[in-house]
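Please read the structure below before turning to the comments.
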Amino acid sequence: MSTLNEITSDADFSAHTSSLPPSALLVLYFHAPWAAPCAQMRAVLSALASQHPATTPPTISFVSINAEELPDISEEYNVTAVPYVVLLRNGQILESVSGSDAVKVRDAVERHAGAGSGAGADGANKTAIPPPLTATPRENAPASATQPPAPSTQALTPEQSKEALFARLAELVKAAPVMLFMKGTPSAPQCGFSRQLVAILRERSVKYGFFNILADEDVRQGLKEFADWPTFPQLWVEGELVGGLDIVKEEIDNDPDFLSQFSVNKAPATA
């Protein structure tokens with residue numbers, strides 16, 4: 001039977017993908033050690049892999065990748081949250097599934113693997129797949145000095161939970177005069193846009209706070225609605241949204257002194 005294999009380096013990933021025949025289905029599973037739903041998704045994919053025979057050459061391959069340790073691969077497949085599953089054939093992305101919906105992942109694998117490559121649509125092996133696990137942020141483990149732990153909302157209604165989240169977001173965007181909501185951290189950005197925006201702030205010696213949105217699914221999804229801005233990174237200045245990388249670049253082109261007041265090298269005011 002097939003197994004879920006862990007890839008530990010870019011070189012291993014390149015070697016593995018190049019060894020597969022063009023017709024083989026490649027199932028990439030991106031995870032992170034801090035995300036509890038990833039353990040559940042690993043069990044789901046391990047169960048799915050066991051339903052497919054190991055053949056030579058392989059017809060399907062299940063691969064596990066730590067999204068934080070291999071950021072270049074994560075960026076290549078636009079991984080913005082974990083768990084995240086990508087299905088490919090001959091280098092072409094067939095489908096991506098974000099989140100811990102076991103049924104959605106199972107159906108995607110069965111659909112693209114084709115008939116006769118494991119249990120059928122009504123196969124008994126489906127009972128071995130664990131039910132989906134609701135994603136929750138890490139407890140008592142802030143992603144930055146300006147990121148407080150998420151408050152518990154288990155006893156709240158959906159409306160109350162949203163209100164509590166928006167109240168938290170209203171405080172987060174003002175946690176520092178300049179706040180960057182990014183994928184990863186300034187020392188280890190998890191996407192090229194975040195990396196470029198960090199570089200811009202560093203070039204201008206801007207003092208800023210940051211929030212790793214990959215470490216908190218509630219904030220990642222909630223901030224899109226709160227800000228009415230669907231992508232990351234997001235730069236906020238004095239509690240107001242500036243925008244993403246392109247908007248920041250445009251602001252700098254229009255005003256070279258943009259953000260200069262927040263520079264640690266700002267000249268002291270004279271009397």
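Ligands are numbered from 1 in the order shown, chains are lettered A, B, ... in the order of the structure tokens, and residues start at 1 in each chain.
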
Quick one: pick out all strand (DSSP E) residues within stretch 23-254 of chain A from a backbone DSSP run and write them as a ChimeraX atom specification. /A:25-31,60-66,84-89,92-98,178-182,184-185,188-189,209-212,234-237,240-243

So which residues touch A:Phe181 within 8 Å, counting only C-alpha atoms, skipping near sequence neighbours fewer than 3 positions away, as a list in words?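 Counting only C-alpha atoms, the residues come to Phe210, Phe211, Asn212, Ile213, Phe232, Pro233, Gln234 and Leu235 of chain A.
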
For A:Val86, which residue among A:Lys183, A:His31, A:Lys174, A:His16 is the nearest when counting only C-alpha atoms?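 So, comparing all the options, the nearest one is A:His31.
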
Near-A:Gln261 list (12 Å; only C-alpha atoms; drop same-chain fewer than 2 positions) as a PyMOL selection string: chain A and resi 177-178+204-208+237-238+256-259+263-269

I'd like the neighbourhood of A:Thr231 as a ChimeraX atom specification, where a residue qualifies if any of its atoms comes within 10 Å (using only C-alpha atoms), though same-chain residues fewer than 4 positions away should be ignored. /A:80,182,220-221,223-224,227,243-244

Judged by only C-alpha atoms, the minimum distance to A:Glu171 among A:Val219, A:Ile7, A:Ala113, A:Ile252 is found for A:Val219

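Interatomic distance, atom CA of A:Leu26 to atom CA of A:Glu95: 10.9 Å.
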
With only C-alpha atoms as the atoms that count, which of A:Ala188, A:Leu25, A:Phe30, A:Glu163 lies nearest to A:Arg111?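 Of the candidates, the smallest distance to A:Arg111 is held by A:Leu25.
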
Smallest atom-to-atom distance to A:Leu88: which of A:Val44, A:Thr17, A:Ser64, A:Asp72, using only C-alpha atoms?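 Smallest separation from A:Leu88 among the options: A:Thr17.
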
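A straight line drawn from atom CA of A:Gln190 to atom CA of A:Asp255 is 28.3 Å long.
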
Mind giving me the straight-line distance from atom CA of A:Pro58 to atom CA of A:Val103 in Å, one decimal?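 Between these atoms lies a distance of 24.1 Å.
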
Name the residues in contact with A:Ile65 at a cut-off of 12 Å, using only C-alpha atoms, excluding same-chain residues fewer than 5 positions from it; report them as a PyMOL selection string. chain A and resi 4-10+12-13+27-33+38+42+70-74+77+79+82-86
